[in-house]
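The structure under discussion appears below in the form of C-alpha cells.
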Amino acid sequence: MVLELHVWGPAFSLPSIDAQCLATIAYLSLTVPKDAWVLVASSDPSVCPTNELPALKIGSTWISRFRNIVDYLRQYSNGEWDLDRGLTSEEKADNIAFSSFIESRAHPLLDLSLYVTSQNYYEATAPAYARILQWPNQWILPPQRHTAAKTLTEPLGLSSLDLSAIEEQRKRDVSAAVAAGQLPQSFLNKPHPSTTAGGISSFLGRNPHHQGQFRLEALTAELFEPLEEILAKDSSPPRTYLLGGAAAGGDEHPHSVDCVALGYLALALVPDVPYGWLRDAMRKNPRVMAYAERMRKTCFGDRAVEVADAYYYGRGSAALATATTGFPWQVPDRPSLVTVGWTVWNTVADAVPILRDLRVNNRLREAAQSPQSGLSGVESKTLAAYATGQKKDILVSVVAVVGGIAALVGYMVSAGTFSSGEEEEEEKEEYSGEEGEMMPLTEVDPESFQMGNILSSLEGMQEL
Amino acid sequence: MSPDIRETPAPPPATVSISRARDYFSVPAPIKRIFDHFPLVTYPPNDLPLRAGSSIRGNRLFVFTDAKGARRGSPSFNPQCLKWQVRTNHSCANVFLDFTIVPSSNHASPTGSLPFLLPTLPTDTSAPIPSAKLQKWAIEQVHCEEEQQLNLRFDVYASLLDHRIRNAYLYTLYLDSDNFEAVARRLYVDPSTTNALVRTALSVQLQQAARAELLKTSQYIDVSALEAEASEAFEALSTLLADDKHFFGRLNPGLFDASVFAYTHLILDENMGWKRDRLGQLLKQHENLVQHRERLLKFF
C-alpha cells in the first residue's frame, strides 16, 4: 500500500514551510523507498482528523506528528524503516534529549524569525503562504499561525521585533496624549518615533530591533552553541552527524534527531528574509552551518524546490515526479464545497467566545476517542467522560452567569420599586434645586463659544 | 457678506475642521474641568500587615507550601519551588545561604510566579529576586561554579525536564479531572479562600491556563503522546544517571539533581494522593531514578 504523507506546501526553496513537516519528509526520504510513498502538499490541516500536519495516511488510518509517524513506520516495516536501529543506550538517550532540546529551543526562534519579525512576515512568510494555500485558507491560516507565534513567543519579551505592534502602541500613546491635552493636534498625523517609550532607540541605532539585540543573541547562542560543541567533540575527523560517528567506531548514518535538526535548521538557514538575524547568528557557528548544508543535500538534494513541483509535476505519476524533482509529489485533491464550508464554520466558531471554550475541550476528547490514540479502553473511556464533564461544567457556568445576571436585574428592579415612593420626591427636590445652578453652565458651551469667535473674526475681516 | 467670504475662502474652513477634530479627540471642557481637580487628596501608602514584617532574619524564600510545612522545612508541592528549595538547601551554596521558607501564593510575587527570594545581604536594596535570576544571585553570593558550563549536556537534558516532563506533569495535575479534584484543588485552590464561588473561578482559571500552555505547542492535547514523551524522557534521564550517585558524576547534588528531584519526588510522593498515577508507573520502571529521589529526600 502506498503511504501518503500530507504536509504544508513548499516554500523558500524547501519542500515545506513547516519544520516538523521538513523533518518528516527528511525521515521518509531516508528510510522509505521512493516508490512506496507519495508526498501531498495539501497545506490544509483539516484533511486529517487530528487537524495537524504532517500526517501520514495509510488506507483509512491517519497518523500525525513526527514522533508518531516514526514509531508507526518502525512497526509497519517490522523494524526495517528505522533510522535509530542499533543505537547504544547512551546514544538513544542523546537522541531523545537532543530532539527535545532542538524542538524546544528552535521552535520559538523560528516563530520569532518568520512570523513575529514584521518585515519577514509581511515580505517573505505571508507571500509564501499565499502561494501554497487555496481560497479561503489563504485568508484564514496565515493570520492564525501569526497569532499563535506571537502567543508562544510573548514570554521571551522580544516584542520589539513586531513593528506593527510597536506602531499600534505608538498611535495609542500619541492619541491618548492628545486627548489628555498634553500634545498638540498636529502630532496625530505625523510619524514621530521619538515620542514613543523607546525614544532612546533612535540614538542607539535607527532600527528598533536593536532593543532586543542582546536578548536575541543570548537566545540563539543557547540553541547553536551546544550543537556546535557536540559537532566539534572528539573530532579528529569532524562529526558528520549528531550521534555516533567515526570516533565511536560505528558506521556514519543520520538518525531521527538529525531529521529533526534539519527541519529546524533548514528554516533558519535557507529562507532569504529581509531581516535575517537568525541566519546571521547561525553563521557564527561554522560547524552547525556545514552540518545543516550537508544534511540538506543528503535529504533534499541539490535542486531548489519550487512551488510548481508540488502542484504541476505532481499531476503525472509519482515516479516521473521523483525523477524530475527528487520527491514523489502528488497533487492534492481540490477542496470540495463541504470542506470549504467546514473551514469557514470552524473559523467563525473559533472566534465566538463561549463556543470557543467548548471547542477547546473537544480537542481533548477527540484525541481520547480516536481509536489509534493508543490508550487502553478504560483510559480512553474515563478521558472521554472527563471531557464531557468539562463540557457540562461550562454549560452549567453559562447558565449560572445568566441566572446571576437575571437575579441581579430582578433585585434591582424590586429594590427600585420598593423605595421609589420616597426617593423620587427627594430627587425631584434636589433636581429643581440644582437646575438653577446648572443653567449658567449650559450657556458656556465651548462650541458656541468658538463659533462666536469665528463669527466675530469673520465680521472683523469684513470690516477690513 | 457672502461675496466677501468668497474672496477669502481659506481661513474659515481650516478653523472649522480643527474645532471638529478637537471634538472627536478632546475631553469636553466641563468634564475636563471636573477631572482637573483630581486627585483631591493622595493618601500615604498603607503599612504592611503585621505578619509580613515578621521577625525572621536572613534570606527568605517564598514558596508554595503550608504553615506546617514551612516550619518543618518539608518539600514544597510545586516543582519550580521545590527545585530551588533543594538547591539552596544543600548544594555548594548551602553553607552560606541560610534561608527560611515562607508560605506564599503567586499573588504575592512581583513577577506573578513563585519562588522568589528576599535577600538580606545587600541591605540597601531589598528587591526580591525572581526564580529566573536565583542561580545568578547564588553564584554571585558564594562564587561557586556554574554547572551549565561544566557539561554540554546540562542544557540539552534540562530541556527534557522543562518541556516533556513538565507538559506531562501539567496534564496530570490540572487537566486530569480525578487528580485535579484530589490534588490540585486541595493544594492550590482551597488554601487561598473559603468562598465557594472564588474557588470555582480559581480552579477554572488554573485549568484553562494549563490547557492554554499545552495548546501553545500543539494543535490539540494528545494524552498518549504526552505520556509517551514523558516515558522517553525518564528513560533518557535514567541512562544519563546510570550508576552514579548524582547527575554528571558529581559528589554533591547540584542544580540538575534538584530539577530532577523536583519532579520525581512529587510524582512518587505518597502524600500527594494521585488518583491516576500514570507518570508514577512510568517512573518506577527506572530503579536508579527512584533511588536518586530517596537519596535527596534524606536531606529534608
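Naming scheme: A, B, ... for chains in displayed order of the C-alpha cells; residues 1 onward per chain; ligands 1 onward as shown.
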
Requested in this report: Find the residues near range 52-55 of chain A: any atom within 9 Å, counting only C-alpha atoms, skip ones fewer than 3 places away on the same chain, and give them as a VMD selection string.
Outcome: (chain A and resid 4 to 8 18 20 to 22 24 to 25 43 to 49 62 to 66 69) or (chain B and resid 218 to 220)

Requested in this report: Name the residues in contact with Ala128 in chain A at a cut-off of 8 Å, using only C-alpha atoms, excluding same-chain residues fewer than 3 positions from it; report them as number ranges by chain.
Outcome: A: 11-12, 124-125, 131-132

Query - Among listed residues B:Leu173, B:Leu215, B:Leu282, B:Leu297, nearest chain A (using only C-alpha atoms) - result: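 That would be B:Leu215, the residue with the smallest distance to chain A.
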
Report task. Go ahead and compute the interatomic distance for CA of Val399 in chain A and CA of Phe180 in chain B, in Å to one decimal. Result -> 23.2 Å

Requested in this report: Would you kindly return, as a list of chain:residue names, each protein, DNA or RNA residue with an atom no farther than 8 Å from any atom of Leu158 in chain A, considering only C-alpha atoms and excluding same-chain residues fewer than 3 positions away?
Outcome: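 Contacts, with the query itself left out: A:Thr153, A:Glu154, A:Leu161, A:Gly212, A:Arg215, A:Leu216.
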
Store the residues of this selection in a file with N, CA and C atoms, as a compact mmCIF listing (two decimals), in the first residue's frame.
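again.txt, freshly written:
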# COMPACT_ATOMS: atom_id res chain seq x y z
N THR A 153 5.73 33.26 21.71
CA THR A 153 6.99 33.95 21.99
C THR A 153 6.82 35.13 22.93
N GLU A 154 5.60 35.35 23.38
CA GLU A 154 5.35 36.51 24.24
C GLU A 154 6.23 36.52 25.50
N LEU A 161 10.56 43.14 17.94
CA LEU A 161 10.67 42.66 16.56
C LEU A 161 9.38 42.91 15.80
N GLY A 212 16.13 44.54 21.19
CA GLY A 212 16.16 43.15 21.63
C GLY A 212 17.43 42.43 21.25
N ARG A 215 19.23 40.21 23.91
CA ARG A 215 18.38 39.09 24.28
C ARG A 215 18.38 38.04 23.17
N LEU A 216 18.28 38.52 21.91
CA LEU A 216 18.27 37.61 20.77
C LEU A 216 19.57 36.83 20.69

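CA of Gly86 in chain A to CA of Ala292 in chain A spans 23.9 Å [interatomic distance, one decimal].
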
Query raised in the report: Lys34 in chain A: which residues within 10 Å, counting only C-alpha atoms, same-chain residues fewer than 3 positions away excluded, as an NGL selection string?
Result: :A and (28-31 or 37-38 or 318-319 or 322 or 326-328)

Query raised in the report: What does the distance between CA of Ala168 in chain B and CA of Leu226 in chain B come to in Å, to one decimal place?
Result: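 Between CA of Ala168 in chain B and CA of Leu226 in chain B the gap works out to 5.4 Å.
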
**Report entry** Per-residue DSSP, range 13-233 of chain A, filtered to helix (DSSP H, G or I), as a PyMOL selection string
**Finding:** chain A and resi 19-31+34-36+45-47+66-76+89-116+118-132+137-156+159-161+163-179+185-187+193-195+201-204+208-232

Report task. Excluding range 98-107 of chain B and any residue of its chain fewer than 2 positions from it, enumerate the residues within 6 Å of it, using only C-alpha atoms, and give them as a list in words. Result ->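 Final neighbour list, sorted by chain and number: Gly58, Asn59, Arg60, Leu61, Phe62, Val63, Phe64, Thr65, Asp66, Ala70, Phe96, Ser109, Gly112, Ser113 and Leu114 of chain B.
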
Requested in this report: Could you give me, as a list in words, the residues within 7 Å of range 197-211 of chain B, counting only C-alpha atoms and dropping anything in the same chain fewer than 4 positions from it?
Outcome: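 In the requested format, the answer is Leu170, Tyr174, Leu175, Arg185, Val189, Asp190, Thr193 and Leu215 of chain B.
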
The selected residues should be written to file as a short mmCIF file (atom, residue, chain, number, x, y, z; two decimals), in the first residue's frame (atoms: C-alpha atoms).
data_model
loop_
_atom_site.label_atom_id
_atom_site.label_comp_id
_atom_site.auth_asym_id
_atom_site.auth_seq_id
_atom_site.Cartn_x
_atom_site.Cartn_y
_atom_site.Cartn_z
CA LEU B 170 0.80 19.84 33.81
CA TYR B 174 -4.52 20.09 36.16
CA LEU B 175 -6.35 18.51 33.25
CA ARG B 185 -7.76 21.69 44.34
CA VAL B 189 -7.24 26.37 45.43
CA ASP B 190 -8.55 25.56 48.89
CA THR B 193 -10.01 31.18 50.04
CA LEU B 215 -2.07 24.09 23.24
#

Query raised in the report: Residues at most 9 Å from Asn167 in chain B, counting only C-alpha atoms, excluding those fewer than 2 positions away in the same chain, as an NGL selection string?
Result: :B and (161-165 or 169-172 or 210 or 213-214 or 226 or 230)

Query raised in the report: Quick one: DSSP strand (DSSP E) residues in range 74-289 of chain B, as JSON, numbers by chain?
Result: {"B": [99, 100, 101, 102, 103, 116, 117, 118, 129, 130]}

With C-alpha atoms retained, could you export that selection as an mmCIF file, in the first residue's frame?
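File again.cif, as written:
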data_model
loop_
_atom_site.group_PDB
_atom_site.id
_atom_site.type_symbol
_atom_site.label_atom_id
_atom_site.label_comp_id
_atom_site.auth_asym_id
_atom_site.auth_seq_id
_atom_site.Cartn_x
_atom_site.Cartn_y
_atom_site.Cartn_z
ATOM 1 C CA PHE B 99 17.279 30.912 54.420
ATOM 2 C CA THR B 100 13.825 30.481 55.801
ATOM 3 C CA ILE B 101 10.873 29.059 53.954
ATOM 4 C CA VAL B 102 7.839 31.340 53.883
ATOM 5 C CA PRO B 103 4.480 30.037 52.691
ATOM 6 C CA PHE B 116 11.208 34.344 44.843
ATOM 7 C CA LEU B 117 13.766 35.280 47.416
ATOM 8 C CA LEU B 118 14.076 38.318 49.652
ATOM 9 C CA ILE B 129 14.882 38.032 43.269
ATOM 10 C CA PRO B 130 12.628 36.072 40.880
#
